[in-house]
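A.B. asks: Below is target-v2.cif; it holds mmCIF, C-alpha atoms.
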```cif
data_query
#
loop_
_atom_site.group_PDB
_atom_site.id
_atom_site.type_symbol
_atom_site.label_atom_id
_atom_site.label_comp_id
_atom_site.auth_asym_id
_atom_site.auth_seq_id
_atom_site.Cartn_x
_atom_site.Cartn_y
_atom_site.Cartn_z
ATOM 1 C CA TYR W 121 -2.876 13.350 -3.377
ATOM 2 C CA ARG W 122 -5.064 11.080 -5.473
ATOM 3 C CA THR W 123 -4.012 7.490 -5.984
ATOM 4 C CA GLU W 124 -4.259 5.746 -9.318
ATOM 5 C CA PRO W 125 -5.726 3.669 -10.851
ATOM 6 C CA ALA W 126 -9.360 4.163 -9.937
ATOM 7 C CA PRO W 127 -10.963 1.751 -7.445
ATOM 8 C CA GLU W 128 -12.094 -1.452 -9.102
ATOM 9 C CA SER W 129 -15.717 -1.065 -8.010
ATOM 10 C CA LEU W 130 -16.161 2.079 -10.131
ATOM 11 C CA LYS W 131 -16.241 -0.122 -13.217
ATOM 12 C CA ASN W 132 -19.596 -1.542 -12.112
ATOM 13 C CA LYS W 133 -21.281 1.873 -11.873
ATOM 14 C CA GLY W 134 -23.642 0.747 -9.144
ATOM 15 C CA ASP W 135 -26.117 2.893 -7.245
ATOM 16 C CA ARG W 136 -24.166 2.590 -4.004
ATOM 17 C CA TRP W 137 -20.515 3.368 -3.364
ATOM 18 C CA LYS W 138 -18.430 0.347 -2.421
ATOM 19 C CA LYS W 139 -16.032 0.032 0.490
ATOM 20 C CA ASP W 140 -12.888 0.091 -1.666
ATOM 21 C CA LEU W 141 -13.834 3.477 -3.097
ATOM 22 C CA LEU W 142 -14.765 4.981 0.265
ATOM 23 C CA MET W 143 -11.565 3.759 1.874
ATOM 24 C CA ARG W 144 -9.471 5.158 -0.975
ATOM 25 C CA LEU W 145 -11.061 8.594 -0.720
ATOM 26 C CA GLN W 146 -10.621 8.523 3.031
ATOM 27 C CA GLN W 147 -6.934 7.725 2.545
ATOM 28 C CA ASP W 148 -6.235 10.138 -0.300
ATOM 29 C CA PHE W 149 -7.865 13.102 1.435
ATOM 30 C CA HIS W 150 -6.334 12.264 4.836
ATOM 31 C CA ASP W 151 -9.893 11.677 6.054
ATOM 32 C CA LYS W 152 -10.558 15.434 5.936
ATOM 33 C CA CYS W 153 -13.271 17.416 4.228
ATOM 34 C CA TYR W 154 -11.615 18.884 1.143
ATOM 35 C CA ILE W 155 -13.619 22.096 1.580
ATOM 36 C CA CYS W 156 -13.483 23.044 5.274
ATOM 37 C CA GLY W 157 -10.526 20.899 6.369
ATOM 38 C CA LYS W 158 -12.363 19.182 9.224
ATOM 39 C CA ARG W 159 -11.266 15.684 10.266
ATOM 40 C CA LEU W 160 -14.115 13.291 9.412
ATOM 41 C CA ASP W 161 -13.253 10.142 11.356
ATOM 42 C CA ALA W 162 -14.513 7.960 8.487
ATOM 43 C CA ASP W 163 -17.836 9.837 8.456
ATOM 44 C CA GLY W 164 -17.327 11.487 5.081
ATOM 45 C CA GLU W 165 -19.421 11.632 1.932
ATOM 46 C CA VAL W 166 -18.592 11.306 -1.741
ATOM 47 C CA GLU W 167 -18.777 14.732 -3.363
ATOM 48 C CA HIS W 168 -18.672 15.530 -7.085
ATOM 49 C CA LEU W 169 -16.383 18.445 -7.929
ATOM 50 C CA LEU W 170 -18.114 18.891 -11.271
ATOM 51 C CA PRO W 171 -21.854 18.625 -10.568
ATOM 52 C CA VAL W 172 -23.965 15.803 -11.890
ATOM 53 C CA LEU W 173 -27.500 16.816 -10.892
ATOM 54 C CA GLY W 174 -29.093 19.306 -13.230
ATOM 55 C CA THR W 175 -26.513 18.754 -15.944
ATOM 56 C CA GLN W 176 -26.310 16.735 -19.117
ATOM 57 C CA HIS W 177 -23.217 14.905 -17.890
ATOM 58 C CA PRO W 178 -24.317 11.747 -16.026
ATOM 59 C CA GLU W 179 -20.925 10.187 -16.760
ATOM 60 C CA ARG W 180 -19.367 12.509 -14.171
ATOM 61 C CA LYS W 181 -20.898 10.429 -11.383
ATOM 62 C CA TYR W 182 -18.374 7.623 -11.875
ATOM 63 C CA GLN W 183 -15.297 9.568 -12.993
ATOM 64 C CA TRP W 184 -12.613 8.871 -10.408
ATOM 65 C CA ARG W 185 -10.984 12.278 -10.673
ATOM 66 C CA ASN W 186 -14.346 13.947 -10.093
ATOM 67 C CA LEU W 187 -14.915 12.231 -6.734
ATOM 68 C CA PHE W 188 -13.900 14.028 -3.543
ATOM 69 C CA TRP W 189 -14.258 13.480 0.215
ATOM 70 C CA SER W 190 -16.317 15.970 2.218
ATOM 71 C CA CYS W 191 -18.470 16.395 5.292
ATOM 72 C CA ARG W 192 -22.235 16.379 4.832
ATOM 73 C CA HIS W 193 -22.507 20.055 5.752
ATOM 74 C CA CYS W 194 -20.060 21.259 3.085
ATOM 75 C CA ASN W 195 -21.414 18.796 0.534
ATOM 76 C CA GLY W 196 -24.892 20.268 0.970
ATOM 77 C CA ILE W 197 -23.714 23.865 0.738
ATOM 78 C CA LYS W 198 -21.601 23.244 -2.352
ATOM 79 C CA SER W 199 -24.489 21.382 -3.996
ATOM 80 C CA THR W 200 -24.254 22.054 -7.737
ATOM 81 C CA ARG W 201 -21.761 24.921 -7.609
ATOM 82 C CA SER W 202 -19.076 24.737 -10.255
ATOM 83 C CA HIS W 203 -15.714 26.387 -10.968
ATOM 84 C CA ILE W 204 -14.275 25.106 -7.673
ATOM 85 C CA LEU W 205 -10.522 24.518 -7.461
ATOM 86 C CA ASP W 206 -9.412 20.920 -7.880
ATOM 87 C CA CYS W 207 -7.136 20.508 -4.857
ATOM 88 C CA CYS W 208 -5.686 17.338 -6.386
ATOM 89 C CA THR W 209 -4.188 19.186 -9.337
ATOM 90 C CA SER W 210 -3.754 22.732 -7.970
ATOM 91 C CA ASP W 211 -2.310 23.866 -4.645
ATOM 92 C CA PRO W 212 -5.109 25.861 -2.953
ATOM 93 C CA GLU W 213 -2.538 27.894 -1.003
ATOM 94 C CA THR W 214 -1.376 29.384 -4.297
ATOM 95 C CA TYR W 215 -4.872 30.645 -5.095
ATOM 96 C CA ILE W 216 -6.590 31.477 -1.799
ATOM 97 C CA ARG W 217 -5.662 32.752 1.664
ATOM 98 C CA GLN W 218 -7.521 31.227 4.608
ATOM 99 C CA LYS W 219 -7.328 33.123 7.886
ATOM 100 C CA GLY W 220 -9.001 32.668 11.253
ATOM 101 C CA ASP W 221 -9.177 36.030 13.036
ATOM 102 C CA GLY W 222 -9.878 36.131 16.754
ATOM 103 C CA ASN W 223 -9.928 39.929 16.839
ATOM 104 C CA GLY W 224 -13.054 40.475 14.753
ATOM 105 C CA GLU W 225 -15.938 42.641 15.921
ATOM 106 C CA ASP W 226 -18.153 39.562 16.226
ATOM 107 C CA GLY W 227 -15.559 37.346 17.873
ATOM 108 C CA PHE W 228 -13.744 34.668 15.886
ATOM 109 C CA GLU W 229 -14.164 35.380 12.186
ATOM 110 C CA ILE W 230 -13.222 33.555 9.000
ATOM 111 C CA GLU W 231 -11.446 35.378 6.207
ATOM 112 C CA VAL W 232 -10.980 33.608 2.887
ATOM 113 C CA GLU W 233 -9.763 35.693 -0.031
ATOM 114 C CA PRO W 234 -8.542 34.875 -3.553
ATOM 115 C CA LEU W 235 -4.863 35.643 -4.087
ATOM 116 C CA ILE W 236 -5.136 35.995 -7.863
ATOM 117 C CA PRO W 237 -7.341 38.830 -9.193
ATOM 118 C CA ASN W 238 -10.074 37.902 -11.657
ATOM 119 C CA HIS W 239 -9.467 34.181 -11.197
ATOM 120 C CA ALA W 240 -12.919 32.586 -11.350
ATOM 121 C CA GLU W 241 -12.039 29.340 -9.580
ATOM 122 C CA ALA W 242 -10.131 31.097 -6.803
ATOM 123 C CA ALA W 243 -13.038 33.471 -6.197
ATOM 124 C CA ALA W 244 -15.647 30.704 -6.275
ATOM 125 C CA THR W 245 -13.634 28.485 -3.934
ATOM 126 C CA ALA W 246 -13.025 31.300 -1.462
ATOM 127 C CA GLN W 247 -16.736 32.070 -1.390
ATOM 128 C CA LEU W 248 -17.632 28.412 -0.910
ATOM 129 C CA ILE W 249 -15.306 28.034 2.080
ATOM 130 C CA LYS W 250 -16.664 31.224 3.655
ATOM 131 C CA ASP W 251 -20.221 29.999 3.172
ATOM 132 C CA CYS W 252 -19.381 26.662 4.768
ATOM 133 C CA TYR W 253 -18.261 28.490 7.909
ATOM 134 C CA SER W 254 -20.975 31.144 8.027
ATOM 135 C CA ALA W 255 -24.235 29.738 6.602
ATOM 136 C CA THR W 256 -27.340 30.970 8.445
ATOM 137 C CA ASN W 257 -30.138 29.957 6.073
ATOM 138 C CA THR W 258 -31.226 27.170 8.450
ATOM 139 C CA ALA W 259 -30.896 26.789 12.213
ATOM 140 C CA MET W 260 -29.011 23.497 11.804
ATOM 141 C CA ARG W 261 -26.490 24.968 9.394
ATOM 142 C CA GLU W 262 -25.967 27.934 11.684
ATOM 143 C CA LEU W 263 -25.299 25.595 14.606
ATOM 144 C CA ILE W 264 -22.879 23.449 12.584
ATOM 145 C CA CYS W 265 -21.004 26.567 11.455
ATOM 146 C CA GLU W 266 -20.649 27.696 15.055
ATOM 147 C CA LYS W 267 -19.168 24.315 15.980
ATOM 148 C CA LYS W 268 -16.800 24.437 13.005
ATOM 149 C CA ARG W 269 -15.541 27.880 13.998
ATOM 150 C CA GLU W 270 -15.035 26.743 17.597
ATOM 151 C CA LYS W 271 -12.952 23.757 16.490
ATOM 152 C CA LEU W 272 -10.964 25.863 14.045
ATOM 153 C CA LYS W 273 -10.289 28.440 16.757
ATOM 154 C CA GLU W 274 -8.791 25.717 18.941
ATOM 155 C CA CYS W 275 -6.352 24.838 16.161
ATOM 156 C CA ILE W 276 -5.496 28.493 15.535
ATOM 157 C CA ASP W 277 -4.928 29.099 19.254
ATOM 158 C CA THR W 278 -2.568 26.112 19.356
ATOM 159 C CA ILE W 279 -0.391 27.266 16.456
ATOM 160 C CA ASP W 280 -0.432 30.886 17.641
ATOM 161 C CA GLY W 281 0.691 29.806 21.090
ATOM 162 C CA ALA W 282 3.523 27.777 19.614
ATOM 163 C CA LEU W 283 4.561 30.714 17.400
ATOM 164 C CA LEU W 284 4.557 33.154 20.312
ATOM 165 C CA ASP W 285 6.699 30.745 22.315
ATOM 166 C CA TYR W 286 9.090 30.486 19.370
ATOM 167 C CA VAL W 287 9.451 34.274 19.094
ATOM 168 C CA GLU W 288 10.022 34.641 22.839
ATOM 169 C CA MET W 289 12.641 31.903 22.839
ATOM 170 C CA LYS W 290 14.321 33.442 19.807
ATOM 171 C CA ASP W 291 14.462 36.859 21.511
ATOM 172 C CA ASN W 292 16.063 35.202 24.551
ATOM 173 C CA ASN W 293 18.608 33.377 22.377
ATOM 174 C CA GLU W 294 17.337 29.988 23.571
ATOM 175 C CA ASP W 295 17.743 26.706 21.709
ATOM 176 C CA LEU W 296 14.892 26.509 19.176
ATOM 177 C CA THR W 297 15.346 22.898 18.063
ATOM 178 C CA VAL W 298 12.428 21.398 19.986
ATOM 179 C CA GLN W 299 10.131 24.335 19.279
ATOM 180 C CA ARG W 300 10.820 24.062 15.550
ATOM 181 C CA GLU W 301 9.906 20.378 15.703
ATOM 182 C CA ILE W 302 6.632 21.274 17.423
ATOM 183 C CA LEU W 303 5.807 23.839 14.741
ATOM 184 C CA GLN W 304 6.780 21.467 11.956
ATOM 185 C CA GLY W 305 4.337 18.887 13.284
ATOM 186 C CA LEU W 306 1.533 21.449 13.389
ATOM 187 C CA VAL W 307 1.903 22.584 9.765
ATOM 188 C CA GLN W 308 1.793 19.167 8.082
ATOM 189 C CA LEU W 309 -0.607 19.012 5.146
ATOM 190 C CA ASP W 310 -2.495 16.086 6.636
ATOM 191 C CA ARG W 311 -3.329 18.044 9.787
ATOM 192 C CA GLU W 312 -6.841 19.314 10.413
ATOM 193 C CA TYR W 313 -7.479 22.823 9.005
ATOM 194 C CA ALA W 314 -3.988 22.886 7.468
ATOM 195 C CA GLY W 315 -4.780 25.786 5.124
ATOM 196 C CA PHE W 316 -5.706 28.080 8.018
ATOM 197 C CA VAL W 317 -2.891 26.890 10.282
ATOM 198 C CA ARG W 318 -0.195 27.419 7.660
ATOM 199 C CA THR W 319 -1.411 30.994 7.101
ATOM 200 C CA GLU W 320 -0.577 31.742 10.750
ATOM 201 C CA VAL W 321 3.028 30.742 10.085
ATOM 202 C CA ARG W 322 3.187 32.917 6.984
ATOM 203 C CA ASP W 323 2.027 35.888 9.054
ATOM 204 C CA TYR W 324 5.183 35.513 11.176
ATOM 205 C CA LEU W 325 7.635 35.424 8.281
ATOM 206 C CA ASP W 326 8.482 39.141 8.529
ATOM 207 C CA CYS W 327 9.985 38.667 11.997
ATOM 208 C CA CYS W 328 10.960 35.008 11.581
ATOM 209 C CA PRO W 329 11.759 34.415 7.887
ATOM 210 C CA GLU W 330 13.470 31.137 8.753
ATOM 211 C CA LEU W 331 10.051 29.621 9.470
ATOM 212 C CA ALA W 332 9.350 29.512 5.721
ATOM 213 C CA SER W 333 11.451 26.368 5.589
ATOM 214 C CA LEU W 334 8.942 24.600 7.870
ATOM 215 C CA LEU W 335 6.247 24.938 5.222
ATOM 216 C CA THR W 336 8.600 23.674 2.532
ATOM 217 C CA ILE W 337 9.726 20.742 4.687
ATOM 218 C CA ALA W 338 6.088 19.811 5.354
ATOM 219 C CA ASP W 339 5.332 19.849 1.637
ATOM 220 C CA GLU W 340 8.386 17.774 0.773
ATOM 221 C CA LYS W 341 7.686 15.272 3.539
ATOM 222 C CA LYS W 342 4.225 14.513 2.176
ATOM 223 C CA HIS W 343 5.621 14.177 -1.330
ATOM 224 C CA LEU W 344 8.177 11.630 -0.135
ATOM 225 C CA GLU W 345 5.672 9.691 1.962
ATOM 226 C CA ASP W 346 3.137 9.532 -0.822
ATOM 227 C CA ALA W 347 5.474 9.042 -3.788
ATOM 228 C CA GLU W 348 4.421 5.447 -4.459
ATOM 229 C CA PRO W 349 3.932 3.775 -7.864
ATOM 230 C CA ASN W 350 0.152 4.176 -7.679
ATOM 231 C CA ARG W 351 0.172 7.829 -6.601
ATOM 232 C CA THR W 352 0.011 10.954 -8.681
ATOM 233 C CA GLU W 353 2.127 13.868 -7.430
ATOM 234 C CA VAL W 354 -0.646 16.351 -6.704
ATOM 235 C CA ALA W 355 -1.326 18.463 -3.633
ATOM 236 C CA VAL W 356 -4.307 18.290 -1.290
#
```
Can I see the file as structure tokens?
C.D. replies:
Amino acid sequence: YRTEPAPESLKNKGDRWKKDLLMRLQQDFHDKCYICGKRLDADGEVEHLLPVLGTQHPERKYQWRNLFWSCRHCNGIKSTRSHILDCCTSDPETYIRQKGDGNGEDGFEIEVEPLIPNHAEAAATAQLIKDCYSATNTAMRELICEKKREKLKECIDTIDGALLDYVEMKDNNEDLTVQREILQGLVQLDREYAGFVRTEVRDYLDCCPELASLLTIADEKKHLEDAEPNRTEVAV
């Protein structure tokens, strides 16, 4: 979600970002990188969805709806790429599928694929996310990608374990109330790596179709929590 109106300091168009703007981005993006989903712990950077450098559009630098919150790694890899999905006006889960696969030939692998054929923004966004998890053009980027995959794997292992427990309990006709609450907490949109985690739940819908309601509940909960006078109803 992106709050409105724009932070007051944007009117001054200074060379340095002010605290009010940084705190608003941190809040609106749940202090996560909008590209990889990593929690930033207030160590994020301002990223321009529509590039400024190398263009004839300097005004983009101070346009509130062009400012996003990212980690330094993803900010550097995105650089001046364009045609990236605006996660504040479009639900990324409608356009791309993000999957962490622990059964790949090279260990834990990242799969990000567009869900809509011939959709330029979906394809470009999927490629950007894959690059942010697999860059090898410098030793530092390769190391950061390894750390990102390790952290993501921890989150995937947690949700997979909870899902396996749910299926086992369901097969044994046990009370699922507490386990559903655990799963619901794990699929919230403000959780780290939410796009990947929620895909794991979708992969269980054939055997547990009732779990689809957990994703809907999570979406509705965020809408209710964030439906304030100064908020626009858009998904992150």
A.B. asks: With all atoms listed in the file as the basis for distance, which of W:Leu142, W:Val317, W:Lys158, W:Glu179 is at the shortest distance from Lys267 in chain W?
C.D. replies: W:Lys158
A.B. asks: For CA of Phe149 in chain W and CA of Ile230 in chain W, quote the distance in Å rounded to one decimal.
C.D. replies: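 One can read the CA of Phe149 in chain W to CA of Ile230 in chain W distance as 22.5 Å.
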A.B. asks: Do you know which residues the PyMOL selection byres ((chain W and resi 189-203) around 7) returns on this file, as JSON, numbers by chain?
C.D. replies: {"W": [145, 146, 149, 152, 153, 154, 155, 160, 164, 165, 166, 167, 170, 171, 173, 188, 204, 205, 240, 241, 244, 248, 252]}
A.B. asks: Care to translate the PyMOL selection byres ((chain W and resi 285-298) around 12) into actual residues of this file, as a VMD selection string?
C.D. replies: chain W and resid 278 to 284 299 to 305 321 324 to 331
A.B. asks: Using the chain letters and numbers from the file, which residues does the PyMOL selection byres ((chain W and resi 128) around 12) grab, as a list in words?
C.D. replies: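 Evaluating the PyMOL selection byres ((chain W and resi 128) around 12) on this file yields Glu124, Pro125, Ala126, Pro127, Ser129, Leu130, Lys131, Asn132, Lys133, Gly134, Trp137, Lys138, Lys139, Asp140, Leu141, Leu142, Arg144, Tyr182 and Trp184 of chain W.
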A.B. asks: Which residue out of W:Asp148, W:Glu266, W:Glu213, W:Asp206 has the minimum interatomic distance to Glu229 in chain W when only C-alpha atoms are used?
C.D. replies: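 When distances to Glu229 in chain W are compared using only C-alpha atoms, the smallest one comes from W:Glu266.
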A.B. asks: By how many Å are CA of Leu335 in chain W and CA of His168 in chain W apart?
C.D. replies: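 Separation between CA of Leu335 in chain W and CA of His168 in chain W: 29.3 Å.
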A.B. asks: In Å, with one decimal, what is the gap from CA of Arg322 in chain W to CA of Thr123 in chain W?
C.D. replies: 29.4 Å
A.B. asks: Which residues, written as a PyMOL selection string, have at least one atom at most 8 Å from Thr214 in chain W, with all atoms listed in the file counted and residues fewer than 3 positions away on the same chain left out?
C.D. replies: chain W and resi 210-211+235
A.B. asks: Would you mind exporting C-alpha atoms of the selected residues as a tab-separated table (two decimals), in the coordinates of the input?
C.D. replies:
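What landed in selection08.tsv:
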```tsv
chain	number	residue	atom	x	y	z
W	210	SER	CA	-3.75	22.73	-7.97
W	211	ASP	CA	-2.31	23.87	-4.64
W	235	LEU	CA	-4.86	35.64	-4.09
```
A.B. asks: Calculated over only C-alpha atoms, which of the candidates W:His239, W:Asp251, W:Arg318, W:Leu263 has the smallest distance to Ile276 in chain W?
C.D. replies: W:Arg318
A.B. asks: How big is the axis-aligned box around all listed atoms of range 331-337 of chain W once 6 Å goes on each side, and where's its centre, in Å to one decimal, as lines of an AutoDock Vina configuration file?
C.D. replies:
```
center_x = 8.8
center_y = 25.2
center_z = 6.0
size_x = 17.2
size_y = 20.9
size_z = 18.9
```
A.B. asks: With a distance cut-off of 6 Å and only C-alpha atoms, select the neighbouring residues of Tyr313 in chain W, excluding the residue or stretch itself and same-chain residues fewer than 2 positions from it, and output the selection as a VMD selection string.
C.D. replies: chain W and resid 157 315 to 316
A.B. asks: Can you fill out range 228-254 of chain W with N, CA, C and O atoms and hand it back as a PDB file, in the coordinates of the input?
C.D. replies:
```pdb
ATOM      1  N   PHE W 228     -14.597  35.383  16.835  1.00  0.00           N
ATOM      2  CA  PHE W 228     -13.744  34.668  15.886  1.00  0.00           C
ATOM      3  C   PHE W 228     -14.372  34.694  14.502  1.00  0.00           C
ATOM      4  O   PHE W 228     -15.494  34.247  14.302  1.00  0.00           O
ATOM      5  N   GLU W 229     -13.648  35.231  13.535  1.00  0.00           N
ATOM      6  CA  GLU W 229     -14.164  35.380  12.186  1.00  0.00           C
ATOM      7  C   GLU W 229     -13.285  34.640  11.181  1.00  0.00           C
ATOM      8  O   GLU W 229     -12.091  34.435  11.412  1.00  0.00           O
ATOM      9  N   ILE W 230     -13.909  34.267  10.079  1.00  0.00           N
ATOM     10  CA  ILE W 230     -13.222  33.555   9.000  1.00  0.00           C
ATOM     11  C   ILE W 230     -13.003  34.504   7.832  1.00  0.00           C
ATOM     12  O   ILE W 230     -13.937  35.156   7.363  1.00  0.00           O
ATOM     13  N   GLU W 231     -11.770  34.575   7.379  1.00  0.00           N
ATOM     14  CA  GLU W 231     -11.446  35.378   6.207  1.00  0.00           C
ATOM     15  C   GLU W 231     -10.859  34.446   5.139  1.00  0.00           C
ATOM     16  O   GLU W 231      -9.858  33.777   5.395  1.00  0.00           O
ATOM     17  N   VAL W 232     -11.493  34.407   4.001  1.00  0.00           N
ATOM     18  CA  VAL W 232     -10.980  33.608   2.887  1.00  0.00           C
ATOM     19  C   VAL W 232     -11.019  34.493   1.643  1.00  0.00           C
ATOM     20  O   VAL W 232     -12.098  34.922   1.216  1.00  0.00           O
ATOM     21  N   GLU W 233      -9.859  34.768   1.101  1.00  0.00           N
ATOM     22  CA  GLU W 233      -9.763  35.693  -0.031  1.00  0.00           C
ATOM     23  C   GLU W 233      -8.948  35.084  -1.167  1.00  0.00           C
ATOM     24  O   GLU W 233      -7.960  34.381  -0.917  1.00  0.00           O
ATOM     25  N   PRO W 234      -9.356  35.337  -2.417  1.00  0.00           N
ATOM     26  CA  PRO W 234      -8.542  34.875  -3.553  1.00  0.00           C
ATOM     27  C   PRO W 234      -7.243  35.659  -3.622  1.00  0.00           C
ATOM     28  O   PRO W 234      -7.221  36.869  -3.343  1.00  0.00           O
ATOM     29  N   LEU W 235      -6.171  34.989  -3.970  1.00  0.00           N
ATOM     30  CA  LEU W 235      -4.863  35.643  -4.087  1.00  0.00           C
ATOM     31  C   LEU W 235      -4.590  36.128  -5.495  1.00  0.00           C
ATOM     32  O   LEU W 235      -3.680  36.934  -5.707  1.00  0.00           O
ATOM     33  N   ILE W 236      -5.351  35.623  -6.464  1.00  0.00           N
ATOM     34  CA  ILE W 236      -5.136  35.995  -7.863  1.00  0.00           C
ATOM     35  C   ILE W 236      -6.358  36.762  -8.363  1.00  0.00           C
ATOM     36  O   ILE W 236      -7.468  36.208  -8.396  1.00  0.00           O
ATOM     37  N   PRO W 237      -6.203  38.031  -8.728  1.00  0.00           N
ATOM     38  CA  PRO W 237      -7.341  38.830  -9.193  1.00  0.00           C
ATOM     39  C   PRO W 237      -7.990  38.228 -10.437  1.00  0.00           C
ATOM     40  O   PRO W 237      -7.318  37.674 -11.309  1.00  0.00           O
ATOM     41  N   ASN W 238      -9.304  38.319 -10.484  1.00  0.00           N
ATOM     42  CA  ASN W 238     -10.074  37.902 -11.657  1.00  0.00           C
ATOM     43  C   ASN W 238      -9.886  36.420 -12.000  1.00  0.00           C
ATOM     44  O   ASN W 238     -10.007  36.037 -13.163  1.00  0.00           O
ATOM     45  N   HIS W 239      -9.586  35.620 -10.993  1.00  0.00           N
ATOM     46  CA  HIS W 239      -9.467  34.181 -11.197  1.00  0.00           C
ATOM     47  C   HIS W 239     -10.776  33.543 -10.725  1.00  0.00           C
ATOM     48  O   HIS W 239     -11.058  33.494  -9.524  1.00  0.00           O
ATOM     49  N   ALA W 240     -11.567  33.048 -11.667  1.00  0.00           N
ATOM     50  CA  ALA W 240     -12.919  32.586 -11.350  1.00  0.00           C
ATOM     51  C   ALA W 240     -12.929  31.457 -10.333  1.00  0.00           C
ATOM     52  O   ALA W 240     -13.736  31.458  -9.392  1.00  0.00           O
ATOM     53  N   GLU W 241     -12.047  30.486 -10.491  1.00  0.00           N
ATOM     54  CA  GLU W 241     -12.039  29.340  -9.580  1.00  0.00           C
ATOM     55  C   GLU W 241     -11.573  29.747  -8.182  1.00  0.00           C
ATOM     56  O   GLU W 241     -12.095  29.256  -7.181  1.00  0.00           O
ATOM     57  N   ALA W 242     -10.594  30.627  -8.116  1.00  0.00           N
ATOM     58  CA  ALA W 242     -10.131  31.097  -6.803  1.00  0.00           C
ATOM     59  C   ALA W 242     -11.252  31.843  -6.081  1.00  0.00           C
ATOM     60  O   ALA W 242     -11.489  31.630  -4.884  1.00  0.00           O
ATOM     61  N   ALA W 243     -11.945  32.707  -6.802  1.00  0.00           N
ATOM     62  CA  ALA W 243     -13.038  33.471  -6.197  1.00  0.00           C
ATOM     63  C   ALA W 243     -14.179  32.569  -5.757  1.00  0.00           C
ATOM     64  O   ALA W 243     -14.732  32.717  -4.650  1.00  0.00           O
ATOM     65  N   ALA W 244     -14.544  31.609  -6.602  1.00  0.00           N
ATOM     66  CA  ALA W 244     -15.647  30.704  -6.275  1.00  0.00           C
ATOM     67  C   ALA W 244     -15.295  29.804  -5.092  1.00  0.00           C
ATOM     68  O   ALA W 244     -16.143  29.535  -4.227  1.00  0.00           O
ATOM     69  N   THR W 245     -14.059  29.347  -5.038  1.00  0.00           N
ATOM     70  CA  THR W 245     -13.634  28.485  -3.934  1.00  0.00           C
ATOM     71  C   THR W 245     -13.586  29.251  -2.627  1.00  0.00           C
ATOM     72  O   THR W 245     -14.018  28.749  -1.578  1.00  0.00           O
ATOM     73  N   ALA W 246     -13.068  30.470  -2.666  1.00  0.00           N
ATOM     74  CA  ALA W 246     -13.025  31.300  -1.462  1.00  0.00           C
ATOM     75  C   ALA W 246     -14.427  31.546  -0.925  1.00  0.00           C
ATOM     76  O   ALA W 246     -14.674  31.445   0.286  1.00  0.00           O
ATOM     77  N   GLN W 247     -15.360  31.830  -1.813  1.00  0.00           N
ATOM     78  CA  GLN W 247     -16.736  32.070  -1.390  1.00  0.00           C
ATOM     79  C   GLN W 247     -17.371  30.815  -0.808  1.00  0.00           C
ATOM     80  O   GLN W 247     -18.093  30.874   0.203  1.00  0.00           O
ATOM     81  N   LEU W 248     -17.086  29.671  -1.410  1.00  0.00           N
ATOM     82  CA  LEU W 248     -17.632  28.412  -0.910  1.00  0.00           C
ATOM     83  C   LEU W 248     -17.138  28.134   0.510  1.00  0.00           C
ATOM     84  O   LEU W 248     -17.935  27.769   1.395  1.00  0.00           O
ATOM     85  N   ILE W 249     -15.841  28.295   0.745  1.00  0.00           N
ATOM     86  CA  ILE W 249     -15.306  28.034   2.080  1.00  0.00           C
ATOM     87  C   ILE W 249     -15.918  28.989   3.097  1.00  0.00           C
ATOM     88  O   ILE W 249     -16.304  28.578   4.202  1.00  0.00           O
ATOM     89  N   LYS W 250     -16.037  30.262   2.740  1.00  0.00           N
ATOM     90  CA  LYS W 250     -16.664  31.224   3.655  1.00  0.00           C
ATOM     91  C   LYS W 250     -18.100  30.825   3.971  1.00  0.00           C
ATOM     92  O   LYS W 250     -18.538  30.889   5.124  1.00  0.00           O
ATOM     93  N   ASP W 251     -18.830  30.399   2.958  1.00  0.00           N
ATOM     94  CA  ASP W 251     -20.221  29.999   3.172  1.00  0.00           C
ATOM     95  C   ASP W 251     -20.311  28.775   4.078  1.00  0.00           C
ATOM     96  O   ASP W 251     -21.246  28.654   4.884  1.00  0.00           O
ATOM     97  N   CYS W 252     -19.354  27.878   3.953  1.00  0.00           N
ATOM     98  CA  CYS W 252     -19.381  26.662   4.768  1.00  0.00           C
ATOM     99  C   CYS W 252     -19.084  26.936   6.235  1.00  0.00           C
ATOM    100  O   CYS W 252     -19.357  26.102   7.095  1.00  0.00           O
ATOM    101  N   TYR W 253     -18.530  28.099   6.528  1.00  0.00           N
ATOM    102  CA  TYR W 253     -18.261  28.490   7.909  1.00  0.00           C
ATOM    103  C   TYR W 253     -19.246  29.538   8.436  1.00  0.00           C
ATOM    104  O   TYR W 253     -19.192  29.881   9.617  1.00  0.00           O
ATOM    105  N   SER W 254     -20.130  30.029   7.582  1.00  0.00           N
ATOM    106  CA  SER W 254     -20.975  31.144   8.027  1.00  0.00           C
ATOM    107  C   SER W 254     -22.431  31.041   7.584  1.00  0.00           C
ATOM    108  O   SER W 254     -23.184  32.007   7.707  1.00  0.00           O
TER     109      SER W 254
END
```
